[in-house]
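Note sheet for the following structure.
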Amino acid sequence: MTDQTADPIVPDETPPPSRRLSGRAKAILLVLLLVAIVGGIAWFLNYQNVGRFMESTDDARIEADMVTVSPRVSGYVAQVLVRENQDVAAGQPLVRIDRRTIDAQAAQADAQIAVATAQADAARAQLNEQSAAIAQAQAQLASARAKAAHDAAEVARYRPLAESGAETRQQLATLELAARQSADQVRAQAAALVIQQRRVASVRSQIAQGTAQQQAARAQRTAASVDEDATLLTAAVAGRIGDRTVTPGQYAQAGSRLMSIVPLNALYVTANFKETQLALMRPGQPVRIEVDALDGVELRGRIESLSPGTGAQFSILPPQNATGNFTKITQRVPVRVAIQATPAARRLLVPGLSVTVTVDTRSANGDLERIREQQSAAVAK
């Protein structure tokens with residue numbers, strides 16, 4: 001029998017010939033390697049000289065010190081003179097409140113001024129009359145004193161004659177009676193003069209009262225004039241009207257918010273940086289601002305100021321860490337940044353837009369080293 005078993009197939013284990021890189025490929029790889037090395041060195045140098053001094057945060061927004069428009073006096077709104085989102089100039093009329101009630105108060109104050117003036121004038125006229133009455137009483141007192149002196153002299157002259165019998169006792173008694181009556185008349189006229197003089201103080205108090213009433217009425221008139229002027233609400237600053245809630249016919253309470261004015265020419269950025277980013281931040285340092293709403297538009301700015309406390313310290317309920325469950329959280333400090341932009345760019349900015357802020361802190365390079373040296377020297381002492 002013939003053996004039909006086939007020989008097993010042995011795979012070819014000969015390795016394929018290796019492909020060597022061409023000289024051109026080697027040159028390209030070498031160039032790429034050199035470019036990568038040079039790029040890495042350039043990045044490292046740039047980071048050491050520039051990059052490590054750039055502090056950035058996206059926890060930042062555009063803000064403005066908005067002005068709330070509120071009336072000083074209560075009343076019904078007669079006119080609303082501006083529209084929502086309208087640009088206004090400083091001093092431009094915004095809202096007019098019905099002033100008829102205030103006009104009536106002003107008229108009442110004018111009437112009170114007139115009444116007080118009339119009372120004061122009447123008291124002054126009475127004072128002039130009183131001066132004449134005092135002069136009359138003084139004259140009557142002088143006359144009474146002269147008559148009393150004459151009668152006393154007659155009594156003194158007749159008394160020796162009556163004692164010697166040259167004149168009758170009856171005549172002496174008559175003269176003595178007349179002298180006593182003259183003395184009584186002097187006392188009466190003196191009392192009348194005192195009464196007239198005391199009336200002067202009463203009249204002067206009436207003048208003072210009338211003058212005080214005049215001043216009070218004038219003060220009320222001044223207050224009414226101020227309220228009359230306050231019925232016309234004007235823009236305190238130039239800006240754009242926002243969140244207008246007032247309508248004609250509405251009753252506006254004093255102090256209630258009717259609308260807001262956003263000063264678009266005074267926008268700024270509030271950037272909340274981590275406390276670990278603040279060591280080299282100083283007012284005046286340049287800032288790069290990227291606005292999310294303006295893709296590709298980069299604005300410039302400068303640090304105006306740093307907050308005197310973290311945001312948590314100025315919250316309604318500041319954290320109290322002495323409770324036994326303290327967890328350290330990196331705090332953030334608000335930094336105010338002034339925007340340096342063209343008018344065309346400013347017209348596109350509104351408060352509330354999100355931005356990314358990058359601060360160049362190179363101007364403070366070396367400050368930490370100097371602080372460490374000074375602190376070490378202070379401790380060594």
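Starting from 1 in every chain, residues are counted up; chains themselves are A, B, ... following the order of the structure tokens, and ligands are numbered from 1 as listed.
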
### Spatial neighbours of Ala179 in chain A, max dist 12 Å, only C-alpha atoms, sep filter under 2 positions, as a PyMOL selection string
chain A and resi 144-156+172-177+181-186

Residue selection dump (N, CA and C atoms) as a compact mmCIF listing (two decimals), in the first residue's frame:
# COMPACT_ATOMS: atom_id res chain seq x y z
N ALA A 144 -47.58 166.47 87.38
CA ALA A 144 -48.07 166.14 88.72
C ALA A 144 -47.01 166.43 89.78
N ARG A 145 -45.75 166.15 89.45
CA ARG A 145 -44.67 166.43 90.40
C ARG A 145 -44.51 167.93 90.63
N ALA A 146 -44.66 168.70 89.56
CA ALA A 146 -44.55 170.16 89.70
C ALA A 146 -45.68 170.70 90.58
N LYS A 147 -46.90 170.18 90.35
CA LYS A 147 -48.04 170.64 91.16
C LYS A 147 -47.87 170.20 92.62
N ALA A 148 -47.38 168.97 92.79
CA ALA A 148 -47.17 168.49 94.16
C ALA A 148 -46.11 169.33 94.86
N ALA A 149 -45.08 169.71 94.18
CA ALA A 149 -44.04 170.55 94.78
C ALA A 149 -44.59 171.92 95.14
N HIS A 150 -45.45 172.44 94.23
CA HIS A 150 -46.04 173.75 94.50
C HIS A 150 -46.95 173.69 95.73
N ASP A 151 -47.78 172.63 95.79
CA ASP A 151 -48.71 172.52 96.92
C ASP A 151 -47.94 172.30 98.22
N ALA A 152 -46.87 171.55 98.18
CA ALA A 152 -46.07 171.33 99.39
C ALA A 152 -45.42 172.63 99.84
N ALA A 153 -44.99 173.44 98.88
CA ALA A 153 -44.40 174.73 99.23
C ALA A 153 -45.44 175.67 99.85
N GLU A 154 -46.67 175.64 99.34
CA GLU A 154 -47.73 176.47 99.90
C GLU A 154 -48.03 176.07 101.34
N VAL A 155 -48.05 174.74 101.56
CA VAL A 155 -48.30 174.27 102.93
C VAL A 155 -47.19 174.74 103.86
N ALA A 156 -45.96 174.64 103.38
CA ALA A 156 -44.83 175.07 104.22
C ALA A 156 -44.89 176.57 104.48
N LEU A 172 -55.07 176.56 106.04
CA LEU A 172 -53.95 175.62 106.08
C LEU A 172 -54.41 174.19 105.81
N ALA A 173 -55.57 173.82 106.38
CA ALA A 173 -56.09 172.47 106.15
C ALA A 173 -56.42 172.26 104.68
N THR A 174 -56.95 173.28 104.06
CA THR A 174 -57.27 173.17 102.62
C THR A 174 -56.00 172.96 101.81
N LEU A 175 -54.94 173.71 102.13
CA LEU A 175 -53.67 173.58 101.41
C LEU A 175 -53.03 172.20 101.66
N GLU A 176 -53.14 171.71 102.90
CA GLU A 176 -52.58 170.39 103.20
C GLU A 176 -53.33 169.30 102.43
N LEU A 177 -54.66 169.43 102.33
CA LEU A 177 -55.45 168.47 101.55
C LEU A 177 -55.03 168.49 100.09
N GLN A 181 -53.37 165.40 97.92
CA GLN A 181 -53.94 164.97 96.63
C GLN A 181 -52.90 165.07 95.52
N SER A 182 -52.08 166.09 95.52
CA SER A 182 -51.03 166.23 94.51
C SER A 182 -50.01 165.11 94.63
N ALA A 183 -49.66 164.74 95.89
CA ALA A 183 -48.70 163.63 96.08
C ALA A 183 -49.29 162.32 95.59
N ASP A 184 -50.61 162.13 95.91
CA ASP A 184 -51.28 160.91 95.41
C ASP A 184 -51.30 160.89 93.88
N GLN A 185 -51.50 162.06 93.28
CA GLN A 185 -51.52 162.13 91.82
C GLN A 185 -50.15 161.79 91.23
N VAL A 186 -49.08 162.19 91.91
CA VAL A 186 -47.73 161.85 91.45
C VAL A 186 -47.53 160.33 91.46

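Take the candidates A:Leu141, A:Ile37, A:Val237, A:Val379 and check each one against Leu264 in chain A using only C-alpha atoms; the shortest distance goes to A:Val237.
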
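Atom pair CA of Ser202 in chain A / CA of Ala142 in chain A: separated by 25.1 Å.
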
### Task
Write out as a VMD selection string all residues of range 293-367 of chain A that DSSP puts in strand (DSSP E) for this structure's backbone.
chain A and resid 298 to 306 332 to 340 354 to 360

### Query
Hey, can you check how far CA of Ala114 in chain A sits from CA of Asp229 in chain A?
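Interatomic distance, CA of Ala114 in chain A to CA of Asp229 in chain A: 22.8 Å.
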
### Task
Report the residues of range 130-297 of chain A whose backbone DSSP state falls under alpha helix (DSSP H), written as a PyMOL selection string.
chain A and resi 130-164+169-230

Can those selected residues be exported to a file as a short mmCIF file (atom, residue, chain, number, x, y, z; two decimals), in the first residue's frame so that it contains C-alpha atoms?
data_model
loop_
_atom_site.label_atom_id
_atom_site.label_comp_id
_atom_site.auth_asym_id
_atom_site.auth_seq_id
_atom_site.Cartn_x
_atom_site.Cartn_y
_atom_site.Cartn_z
CA GLN A 130 -46.83 152.87 72.98
CA SER A 131 -43.80 155.14 72.71
CA ALA A 132 -46.15 158.10 72.36
CA ALA A 133 -48.20 156.90 75.35
CA ILE A 134 -45.03 156.63 77.43
CA ALA A 135 -44.05 160.17 76.48
CA GLN A 136 -47.52 161.37 77.47
CA ALA A 137 -47.34 159.53 80.81
CA GLN A 138 -43.90 161.02 81.46
CA ALA A 139 -45.26 164.52 80.77
CA GLN A 140 -48.23 163.95 83.06
CA LEU A 141 -45.91 162.67 85.77
CA ALA A 142 -43.73 165.75 85.44
CA SER A 143 -46.78 168.00 85.67
CA ALA A 144 -48.07 166.14 88.72
CA ARG A 145 -44.67 166.43 90.40
CA ALA A 146 -44.55 170.16 89.70
CA LYS A 147 -48.04 170.64 91.16
CA ALA A 148 -47.17 168.49 94.16
CA ALA A 149 -44.04 170.55 94.78
CA HIS A 150 -46.04 173.75 94.50
CA ASP A 151 -48.71 172.52 96.92
CA ALA A 152 -46.07 171.33 99.39
CA ALA A 153 -44.40 174.73 99.23
CA GLU A 154 -47.73 176.47 99.90
CA VAL A 155 -48.30 174.27 102.93
CA ALA A 156 -44.83 175.07 104.22
CA ARG A 157 -45.45 178.80 103.70
CA TYR A 158 -48.91 178.88 105.33
CA ARG A 159 -48.08 176.70 108.35
CA PRO A 160 -46.06 179.41 110.23
CA LEU A 161 -48.71 182.01 109.41
CA ALA A 162 -51.49 179.79 110.73
CA GLU A 163 -49.55 179.11 113.90
CA SER A 164 -49.02 182.83 114.46
CA ARG A 169 -56.36 177.06 110.30
CA GLN A 170 -59.03 176.25 107.72
CA GLN A 171 -56.92 177.71 104.94
CA LEU A 172 -53.95 175.62 106.08
CA ALA A 173 -56.09 172.47 106.15
CA THR A 174 -57.27 173.17 102.62
CA LEU A 175 -53.67 173.58 101.41
CA GLU A 176 -52.58 170.39 103.20
CA LEU A 177 -55.45 168.47 101.55
CA ALA A 178 -54.43 169.80 98.14
CA ALA A 179 -50.79 168.79 98.82
CA ARG A 180 -51.80 165.24 99.75
CA GLN A 181 -53.94 164.97 96.63
CA SER A 182 -51.03 166.23 94.51
CA ALA A 183 -48.70 163.63 96.08
CA ASP A 184 -51.28 160.91 95.41
CA GLN A 185 -51.52 162.13 91.82
CA VAL A 186 -47.73 161.85 91.45
CA ARG A 187 -47.84 158.24 92.63
CA ALA A 188 -50.71 157.48 90.28
CA GLN A 189 -48.89 159.00 87.29
CA ALA A 190 -45.71 157.13 88.19
CA ALA A 191 -47.65 153.84 88.29
CA ALA A 192 -49.28 154.70 84.94
CA LEU A 193 -45.83 155.32 83.44
CA VAL A 194 -44.58 151.96 84.72
CA ILE A 195 -47.61 150.25 83.16
CA GLN A 196 -46.98 151.91 79.80
CA GLN A 197 -43.30 150.96 79.93
CA ARG A 198 -44.12 147.34 80.74
CA ARG A 199 -46.47 147.18 77.77
CA VAL A 200 -43.44 147.81 75.55
CA ALA A 201 -42.02 144.39 76.42
CA SER A 202 -45.37 142.76 75.60
CA VAL A 203 -45.54 144.53 72.23
CA ARG A 204 -41.94 143.59 71.45
CA SER A 205 -42.74 139.95 72.24
CA GLN A 206 -45.63 140.19 69.77
CA ILE A 207 -43.19 141.53 67.16
CA ALA A 208 -40.80 138.67 67.90
CA GLN A 209 -43.65 136.17 67.67
CA GLY A 210 -44.75 137.61 64.33
CA THR A 211 -41.16 137.50 63.05
CA ALA A 212 -40.78 133.88 64.16
CA GLN A 213 -44.04 132.99 62.42
CA GLN A 214 -42.72 134.71 59.32
CA GLN A 215 -39.54 132.65 59.41
CA ALA A 216 -41.48 129.42 59.95
CA ALA A 217 -43.79 130.25 57.05
CA ARG A 218 -40.83 131.14 54.83
CA ALA A 219 -39.19 127.83 55.75
CA GLN A 220 -42.38 126.03 54.77
CA ARG A 221 -42.40 127.98 51.52
CA THR A 222 -38.79 127.03 50.86
CA ALA A 223 -39.61 123.39 51.52
CA ALA A 224 -42.58 123.66 49.19
CA SER A 225 -40.35 125.20 46.52
CA VAL A 226 -37.88 122.33 46.93
CA ASP A 227 -40.73 119.84 46.62
CA GLU A 228 -41.99 121.68 43.53
CA ASP A 229 -38.58 121.31 41.93
CA ALA A 230 -38.45 117.67 43.02
#

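Comparing the minimum interatomic distances between Glu290 in chain A and each of A:Arg257, A:Arg336, A:Arg61, A:Lys26, counting only C-alpha atoms, we find that A:Arg61 sits nearest.
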
### Message
Env of Met66 in chain A: 8 Å cut, atoms = only C-alpha atoms, seq-sep filter 5 positions within chain, self excluded. Answer as a PyMOL selection string.
### Response
chain A and resi 260-263

Would you save the residues of that selection, restricted to C-alpha atoms, as a PDB file, in the first residue's frame?
ATOM      1  CA  SER A 260     -32.002 102.893  36.628  1.00  0.00           C
ATOM      2  CA  ILE A 261     -29.393 104.782  34.636  1.00  0.00           C
ATOM      3  CA  VAL A 262     -26.387 102.793  33.487  1.00  0.00           C
ATOM      4  CA  PRO A 263     -23.364 105.063  32.813  1.00  0.00           C
TER       5      PRO A 263
END

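Put simply, CA of Gln375 in chain A is 17.0 Å away from CA of Leu280 in chain A.
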
### Task
For each of A:Gly39, A:Pro286, A:Pro334, A:Gly296, take the minimum atom-to-atom distance to Thr310 in chain A, counting only C-alpha atoms, then give the residue where this is smallest.
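Of the candidates, the smallest distance to Thr310 in chain A is held by A:Pro334.
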